[in-house]
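J.: My questions will all concern the structure given below.
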Amino acid sequence: MSRAEAVLPAEGQPIDQVPIVRVTGLEKSFGPLKVLDGVSFAVQPGQMVAVVGRSGSGKSTMLRCLNGLEDIQGGTIEICGHQVGRPGSWNKAQLRSDVGMVFQSYNLFPHLTVERNITLALTLVQKKPKADARRIALAVLEQVGLAEKAQAYPEQLSGGQQQRVAIARSLALSPQVMLFDEVTSALDPELTVEVLKVMEDLSRGGMTMILVTHEMGFARRVAHSVIFMHRGRVWESGPTAELFARPQTIEFQQFVGSVL
Amino acid sequence: MNYDFDFEFLADRWPDFLAGAWLTIQLTVVAIVLGFALGTLCAVLRVYGHPLLRRLVGGYVEIIRNTPLLVQIFIVYFGIATLGLKLSAETSAIIALVINVGAYTTEIMRAGIESIPRTQIEAADCLGLKRLQVILHIVLLPAMERVYPALSSQFVLLMLASSITSQISAEELTAVANLIQSDTYRSFEVYIVVAIVYLALSFLYRIAFWLIGGLLFVRRRRLGTAL
Ligand SMILES: Nc1ncnc2c1ncn2[C@@H]1O[C@H](COP(=O)(O)OP(=O)(O)OP(=O)(O)O)[C@@H](O)[C@H]1O
Ligand SMILES: [Mg+2]
């Protein structure tokens, strides 16, 4: 478990910068099944952190805990200043405005147009006037290269396009941190590329991102740091290049060997 | 068979049939609108409500679905009278029909609500929508869309079943027919006419539901997907 507790510095950023996400000793069980067993890590603003690991190692669960979708049994989560997980100690509405989340299955609302999918939360939650919401929707659609699909319905789009809309929808709320859970796993390889491109652009734009991914090539090329999860723990983590160049644990070596 | 059909009575009684049909429409449209509202509310409570509420709604649905409509109508009609309230037969009929169709709507809408994937609700939650907003904007319309054929059939059935309110002399279509046949002794013909009027009403209702479906489910209309 070397380097597991290390604070991960973004390239060119001082190490002593205050992390925007800090998780310490996170524990999560489903009944008797302990899924997260003391997960600790920190993320600096502007970093892209890739979370990798075998199926069932607890990656999705960890991400869901960060966003308050699961209650936790131990440890602390601090994200954008919110203390998540302890009942009563965090405000869900405020957390939602600071943290965006995108899922593997896109989860666009099928009965609403692409534009309405995006403006829904802007008008209902952020109480923006319709015209403003519309402007923002078109801007984020532009950003993911789908401005011309504003009036389409989700079922009229390819999987890759749907996922880009889902990213745009999350982006529209101007979150400080974005969480991605295997957002390309349901896509054909050629559609994966366009979604990864959007995420890479986002990262270049300075967005703080935590992404669970099986795209090792992408993680290796784009992520600032990598967290390898194994058996509900951060088994190994560190700056991407260093981690891949000198893996410390046999498990990570085997994992890398099995997926590359 | 040498029965001589005689529809003579239609010549001066047709306005009565029309009036009866009109009252049937009024009774059942009000019952459908209120029953739908009640049923939808109950369905939401049944799926998302406090366990106690869920049981309560479950009990209501089971009681209504396992007793005859006529008995329900009598209970409402005589029950209200016993409580000392003075309500017309029509109002009692509407109350009984609302309670009845509300229970069936609850079951149908519950199936629709349960068919909405949990991930949709989670996604809406992640966007910051409140629980009620999620139900109103994300759950209800797609849920209704999925069960719309069953729902509209149920409403047509209610319109037909409303004939039974003639038993407490609500002056709807069947009551009118009962009256006319006792005046004319042309029972067979009278009920043939009534059957045809009900058929026409059913047809009318189906068209109305089809149009309403088109209005509600904009995506279907725009993409040309059949309901
Ligand atoms: N809601 C739940 N109830 C019970 N057990 C769960 C639940 N969600 C996840 N688990 C269990 O927790 C463990 C970790 O699951 P998780 O989904 O976090 O893994 P993962 O690393 O994301 O895997 P994958 O790569 O397959 O997505 C698994 O053993 C899983 O069966
Ligand atoms: Mg997962």
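Chain lettering (A, B, ...) mirrors the order of the structure tokens, residue numbering begins at 1 for each chain separately, and ligand numbering begins at 1 in order of display.
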Hey, which residues come within 8 Å of ligand 2 if we count only C-alpha atoms and all ligand atoms? Could you give them as a ChimeraX atom specification?
T.: /A:55-56,58-61,181-182,212
J.: Select, as a list in words, those residues of chain A with any atom no more than 6 Å from chain B (distances computed using only C-alpha atoms).
T.: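 Here is what falls inside 6 Å: Ala93, Arg96 and Asn107 of chain A.
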J.: Quote the spacing between CA of Met101 in chain A and CA of Ile116 in chain B in Å to one decimal place.
T.: 19.7 Å
J.: Would you list the residues that come within 9 Å of ligand 1? Count only C-alpha atoms and all ligand atoms and give the answer as a tab-separated table (two decimals) with C-alpha atoms, in the first residue's frame.
T.:
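Now in result.tsv:
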```
chain	number	residue	atom	x	y	z
A	29	SER	CA	-20.63	-1.70	3.72
A	30	PHE	CA	-23.67	-3.19	2.08
A	31	GLY	CA	-25.02	-5.24	4.96
A	33	LEU	CA	-20.30	-6.93	2.75
A	34	LYS	CA	-17.53	-4.42	3.32
A	35	VAL	CA	-17.01	-2.73	-0.02
A	36	LEU	CA	-14.77	0.17	0.96
A	52	VAL	CA	-8.86	2.04	-12.09
A	53	GLY	CA	-9.16	-1.47	-10.77
A	54	ARG	CA	-10.82	-4.79	-11.28
A	55	SER	CA	-14.54	-5.28	-11.37
A	56	GLY	CA	-15.99	-5.26	-7.89
A	57	SER	CA	-13.09	-3.42	-6.30
A	58	GLY	CA	-15.42	-0.64	-5.16
A	59	LYS	CA	-14.75	2.11	-7.71
A	60	SER	CA	-18.36	2.98	-8.44
A	61	THR	CA	-19.29	2.77	-4.80
A	62	MET	CA	-16.49	5.15	-3.89
A	63	LEU	CA	-17.65	7.64	-6.53
A	64	ARG	CA	-21.24	7.39	-5.36
A	70	GLU	CA	-24.61	6.31	-0.53
A	181	ASP	CA	-18.37	6.49	-13.83
A	182	GLU	CA	-17.24	4.44	-16.80
A	212	VAL	CA	-13.60	5.63	-13.06
A	213	THR	CA	-12.44	4.13	-16.32
A	214	HIS	CA	-11.34	1.01	-18.08
A	229	MET	CA	-8.29	0.29	-6.20
A	230	HIS	CA	-8.17	-3.27	-5.00
A	231	ARG	CA	-10.35	-5.01	-2.44
A	232	GLY	CA	-12.01	-1.79	-1.36
```
J.: So which residues touch Ala172 in chain A within 10 Å, counting only C-alpha atoms, skipping near sequence neighbours fewer than 4 positions away, as a list in words?
T.: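 Once the adjacent positions are removed, what remains is Gly100, Ile118, Thr119, Ala121, Leu122, Ala133, Ile136, Ala137, Leu138, Ala139, Val140, Leu141, Ala166, Ile167 and Ala168 of chain A; Leu127 of chain B.
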J.: Kindly indicate which residue among A:Lys197, A:Lys28, A:Leu243, A:Leu173 lies nearest to Gln126 in chain A, using only C-alpha atoms for the distances.
T.: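 The shortest atom-to-atom distance to Gln126 in chain A comes from A:Leu173.
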J.: Would you please extract all alpha helix (DSSP H) residues from range 38-213 of chain B, as assigned by DSSP on the backbone, and give them as an MDAnalysis selection string?
T.: chainID B and resid 38:48 51:65 69:82 89:114 118:126 131:133 140:161 173:184 187:213
J.: Quick one, how far is CA of Leu160 in chain B from CA of Tyr3 in chain B?
T.: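 Going from CA of Leu160 in chain B over to CA of Tyr3 in chain B, I get 28.5 Å.
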J.: Would you mind listing what lies within 10 Å of Arg221 in chain A as a ChimeraX atom specification, with only C-alpha atoms counted and same-chain residues fewer than 6 positions away left out?
T.: /A:200,240-241
J.: Out of B:Leu216, B:Leu179, B:Ile192, B:Gln154, which residue has the shortest atom-to-atom distance to Asp16 in chain B when counting only C-alpha atoms?
T.: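 Comparing B:Leu216, B:Leu179, B:Ile192, B:Gln154 against Asp16 in chain B, the winner is B:Leu179.
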J.: Take CA of Met199 in chain A and CA of Val99 in chain A and report the distance between them in Å, one decimal.
T.: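 Distance between the two atoms: 15.6 Å.
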J.: So that I can check the surroundings of Leu211 in chain A, please list as a ChimeraX atom specification every protein, DNA and RNA residue that reaches within 7 Å of it, counting only C-alpha atoms and ignoring chain neighbours fewer than 2 positions away.
T.: /A:49-51,179-181,209,213
J.: Just the residues within 10 Å of range 87-91 of chain A, please, counting only C-alpha atoms, with nothing from its chain fewer than 3 positions along; format it as JSON, numbers by chain.
T.: {"A": [68, 71, 72, 78, 81, 82, 83, 84, 94, 95, 96]}
J.: Please write the residues from the selection above to a file, keeping C-alpha atoms, as a PDB file, in the first residue's frame.
T.:
```pdb
ATOM      1  CA  GLY A  68     -23.701  11.539  -1.291  1.00  0.00           C
ATOM      2  CA  ASP A  71     -24.433   6.676   3.212  1.00  0.00           C
ATOM      3  CA  ILE A  72     -21.072   5.787   4.706  1.00  0.00           C
ATOM      4  CA  GLU A  78     -14.705  16.562   2.076  1.00  0.00           C
ATOM      5  CA  GLY A  81     -16.032  22.271   1.287  1.00  0.00           C
ATOM      6  CA  HIS A  82     -18.962  19.930   1.918  1.00  0.00           C
ATOM      7  CA  GLN A  83     -18.652  17.267   4.567  1.00  0.00           C
ATOM      8  CA  VAL A  84     -20.493  14.484   2.785  1.00  0.00           C
ATOM      9  CA  GLN A  94     -25.380  22.909  -2.297  1.00  0.00           C
ATOM     10  CA  LEU A  95     -23.393  19.746  -2.944  1.00  0.00           C
ATOM     11  CA  ARG A  96     -25.384  19.176  -6.124  1.00  0.00           C
TER      12      ARG A  96
END
```
J.: Residues of range 151-259 of chain A in strand (DSSP E or B) according to DSSP, as a PyMOL selection string?
T.: chain A and resi 177-181+208-212+225-230+233-239
J.: Residues of the last selection are to be written out with N, CA, C and O atoms, as a PDB file, in the first residue's frame.
T.:
```pdb
ATOM      1  N   VAL A 177     -16.382  20.211  -9.457  1.00  0.00           N
ATOM      2  CA  VAL A 177     -15.789  18.883  -9.616  1.00  0.00           C
ATOM      3  C   VAL A 177     -16.762  18.032 -10.420  1.00  0.00           C
ATOM      4  O   VAL A 177     -17.970  18.104 -10.214  1.00  0.00           O
ATOM      5  N   MET A 178     -16.221  17.237 -11.334  1.00  0.00           N
ATOM      6  CA  MET A 178     -17.095  16.326 -12.065  1.00  0.00           C
ATOM      7  C   MET A 178     -16.655  14.888 -11.865  1.00  0.00           C
ATOM      8  O   MET A 178     -15.472  14.574 -11.907  1.00  0.00           O
ATOM      9  N   LEU A 179     -17.653  14.031 -11.639  1.00  0.00           N
ATOM     10  CA  LEU A 179     -17.402  12.608 -11.415  1.00  0.00           C
ATOM     11  C   LEU A 179     -17.921  11.826 -12.622  1.00  0.00           C
ATOM     12  O   LEU A 179     -19.041  12.061 -13.083  1.00  0.00           O
ATOM     13  N   PHE A 180     -17.115  10.935 -13.133  1.00  0.00           N
ATOM     14  CA  PHE A 180     -17.509  10.138 -14.292  1.00  0.00           C
ATOM     15  C   PHE A 180     -17.376   8.661 -13.951  1.00  0.00           C
ATOM     16  O   PHE A 180     -16.301   8.211 -13.575  1.00  0.00           O
ATOM     17  N   ASP A 181     -18.456   7.922 -14.109  1.00  0.00           N
ATOM     18  CA  ASP A 181     -18.373   6.491 -13.828  1.00  0.00           C
ATOM     19  C   ASP A 181     -18.450   5.675 -15.118  1.00  0.00           C
ATOM     20  O   ASP A 181     -19.530   5.454 -15.649  1.00  0.00           O
ATOM     21  N   THR A 208     -11.769  20.023 -12.548  1.00  0.00           N
ATOM     22  CA  THR A 208     -11.345  18.945 -11.660  1.00  0.00           C
ATOM     23  C   THR A 208     -12.216  17.726 -11.947  1.00  0.00           C
ATOM     24  O   THR A 208     -13.436  17.822 -11.908  1.00  0.00           O
ATOM     25  N   MET A 209     -11.597  16.615 -12.265  1.00  0.00           N
ATOM     26  CA  MET A 209     -12.366  15.449 -12.676  1.00  0.00           C
ATOM     27  C   MET A 209     -11.858  14.186 -12.000  1.00  0.00           C
ATOM     28  O   MET A 209     -10.655  13.971 -11.894  1.00  0.00           O
ATOM     29  N   ILE A 210     -12.806  13.384 -11.550  1.00  0.00           N
ATOM     30  CA  ILE A 210     -12.455  12.057 -11.054  1.00  0.00           C
ATOM     31  C   ILE A 210     -13.196  11.077 -11.937  1.00  0.00           C
ATOM     32  O   ILE A 210     -14.427  11.132 -12.039  1.00  0.00           O
ATOM     33  N   LEU A 211     -12.455  10.234 -12.622  1.00  0.00           N
ATOM     34  CA  LEU A 211     -13.158   9.321 -13.504  1.00  0.00           C
ATOM     35  C   LEU A 211     -12.756   7.885 -13.272  1.00  0.00           C
ATOM     36  O   LEU A 211     -11.580   7.546 -13.228  1.00  0.00           O
ATOM     37  N   VAL A 212     -13.794   7.072 -13.097  1.00  0.00           N
ATOM     38  CA  VAL A 212     -13.598   5.633 -13.059  1.00  0.00           C
ATOM     39  C   VAL A 212     -13.576   5.184 -14.503  1.00  0.00           C
ATOM     40  O   VAL A 212     -14.474   5.528 -15.278  1.00  0.00           O
ATOM     41  N   SER A 225      -3.107  11.951 -12.345  1.00  0.00           N
ATOM     42  CA  SER A 225      -2.712  10.893 -11.427  1.00  0.00           C
ATOM     43  C   SER A 225      -3.712   9.754 -11.497  1.00  0.00           C
ATOM     44  O   SER A 225      -4.820   9.901 -12.015  1.00  0.00           O
ATOM     45  N   VAL A 226      -3.272   8.633 -10.979  1.00  0.00           N
ATOM     46  CA  VAL A 226      -4.077   7.426 -11.077  1.00  0.00           C
ATOM     47  C   VAL A 226      -4.220   6.810  -9.691  1.00  0.00           C
ATOM     48  O   VAL A 226      -3.282   6.823  -8.889  1.00  0.00           O
ATOM     49  N   ILE A 227      -5.431   6.340  -9.423  1.00  0.00           N
ATOM     50  CA  ILE A 227      -5.664   5.591  -8.193  1.00  0.00           C
ATOM     51  C   ILE A 227      -6.021   4.165  -8.585  1.00  0.00           C
ATOM     52  O   ILE A 227      -6.960   3.953  -9.356  1.00  0.00           O
ATOM     53  N   PHE A 228      -5.276   3.225  -8.095  1.00  0.00           N
ATOM     54  CA  PHE A 228      -5.593   1.821  -8.351  1.00  0.00           C
ATOM     55  C   PHE A 228      -6.300   1.260  -7.129  1.00  0.00           C
ATOM     56  O   PHE A 228      -5.744   1.232  -6.032  1.00  0.00           O
ATOM     57  N   MET A 229      -7.538   0.845  -7.332  1.00  0.00           N
ATOM     58  CA  MET A 229      -8.290   0.292  -6.201  1.00  0.00           C
ATOM     59  C   MET A 229      -8.290  -1.226  -6.263  1.00  0.00           C
ATOM     60  O   MET A 229      -8.397  -1.827  -7.333  1.00  0.00           O
ATOM     61  N   HIS A 230      -8.192  -1.815  -5.088  1.00  0.00           N
ATOM     62  CA  HIS A 230      -8.166  -3.271  -5.002  1.00  0.00           C
ATOM     63  C   HIS A 230      -8.743  -3.656  -3.646  1.00  0.00           C
ATOM     64  O   HIS A 230      -8.361  -3.083  -2.629  1.00  0.00           O
ATOM     65  N   ARG A 233      -9.768  -0.880  -1.280  1.00  0.00           N
ATOM     66  CA  ARG A 233      -8.760   0.052  -0.780  1.00  0.00           C
ATOM     67  C   ARG A 233      -8.040   0.734  -1.924  1.00  0.00           C
ATOM     68  O   ARG A 233      -8.042   0.241  -3.039  1.00  0.00           O
ATOM     69  N   VAL A 234      -7.411   1.877  -1.598  1.00  0.00           N
ATOM     70  CA  VAL A 234      -6.482   2.460  -2.552  1.00  0.00           C
ATOM     71  C   VAL A 234      -5.197   1.670  -2.423  1.00  0.00           C
ATOM     72  O   VAL A 234      -4.456   1.807  -1.465  1.00  0.00           O
ATOM     73  N   TRP A 235      -4.988   0.813  -3.378  1.00  0.00           N
ATOM     74  CA  TRP A 235      -3.872  -0.124  -3.274  1.00  0.00           C
ATOM     75  C   TRP A 235      -2.570   0.554  -3.664  1.00  0.00           C
ATOM     76  O   TRP A 235      -1.529   0.326  -3.074  1.00  0.00           O
ATOM     77  N   GLU A 236      -2.709   1.407  -4.646  1.00  0.00           N
ATOM     78  CA  GLU A 236      -1.531   2.110  -5.133  1.00  0.00           C
ATOM     79  C   GLU A 236      -2.002   3.364  -5.850  1.00  0.00           C
ATOM     80  O   GLU A 236      -3.020   3.343  -6.543  1.00  0.00           O
ATOM     81  N   SER A 237      -1.289   4.477  -5.662  1.00  0.00           N
ATOM     82  CA  SER A 237      -1.689   5.683  -6.371  1.00  0.00           C
ATOM     83  C   SER A 237      -0.500   6.610  -6.529  1.00  0.00           C
ATOM     84  O   SER A 237       0.502   6.480  -5.831  1.00  0.00           O
ATOM     85  N   GLY A 238      -0.630   7.542  -7.463  1.00  0.00           N
ATOM     86  CA  GLY A 238       0.451   8.495  -7.665  1.00  0.00           C
ATOM     87  C   GLY A 238       0.331   9.161  -9.014  1.00  0.00           C
ATOM     88  O   GLY A 238      -0.596   8.868  -9.776  1.00  0.00           O
ATOM     89  N   PRO A 239       1.275  10.049  -9.315  1.00  0.00           N
ATOM     90  CA  PRO A 239       1.291  10.701 -10.628  1.00  0.00           C
ATOM     91  C   PRO A 239       1.366   9.622 -11.721  1.00  0.00           C
ATOM     92  O   PRO A 239       2.093   8.635 -11.569  1.00  0.00           O
TER      93      PRO A 239
END
```
J.: Ranking A:Gln73, A:Gln176, A:Gln254, A:Gln163 by minimum distance to Leu196 in chain A and counting only C-alpha atoms, which one comes first?
T.: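 Closest to Leu196 in chain A of all the choices is A:Gln163.
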J.: If you count only C-alpha atoms, which residues fall within 12 Å of range 65-80 of chain B, apart from same-chain ones fewer than 3 positions away, as an MDAnalysis selection string?
T.: chainID B and resid 58:62 83:107 157:158 160:170
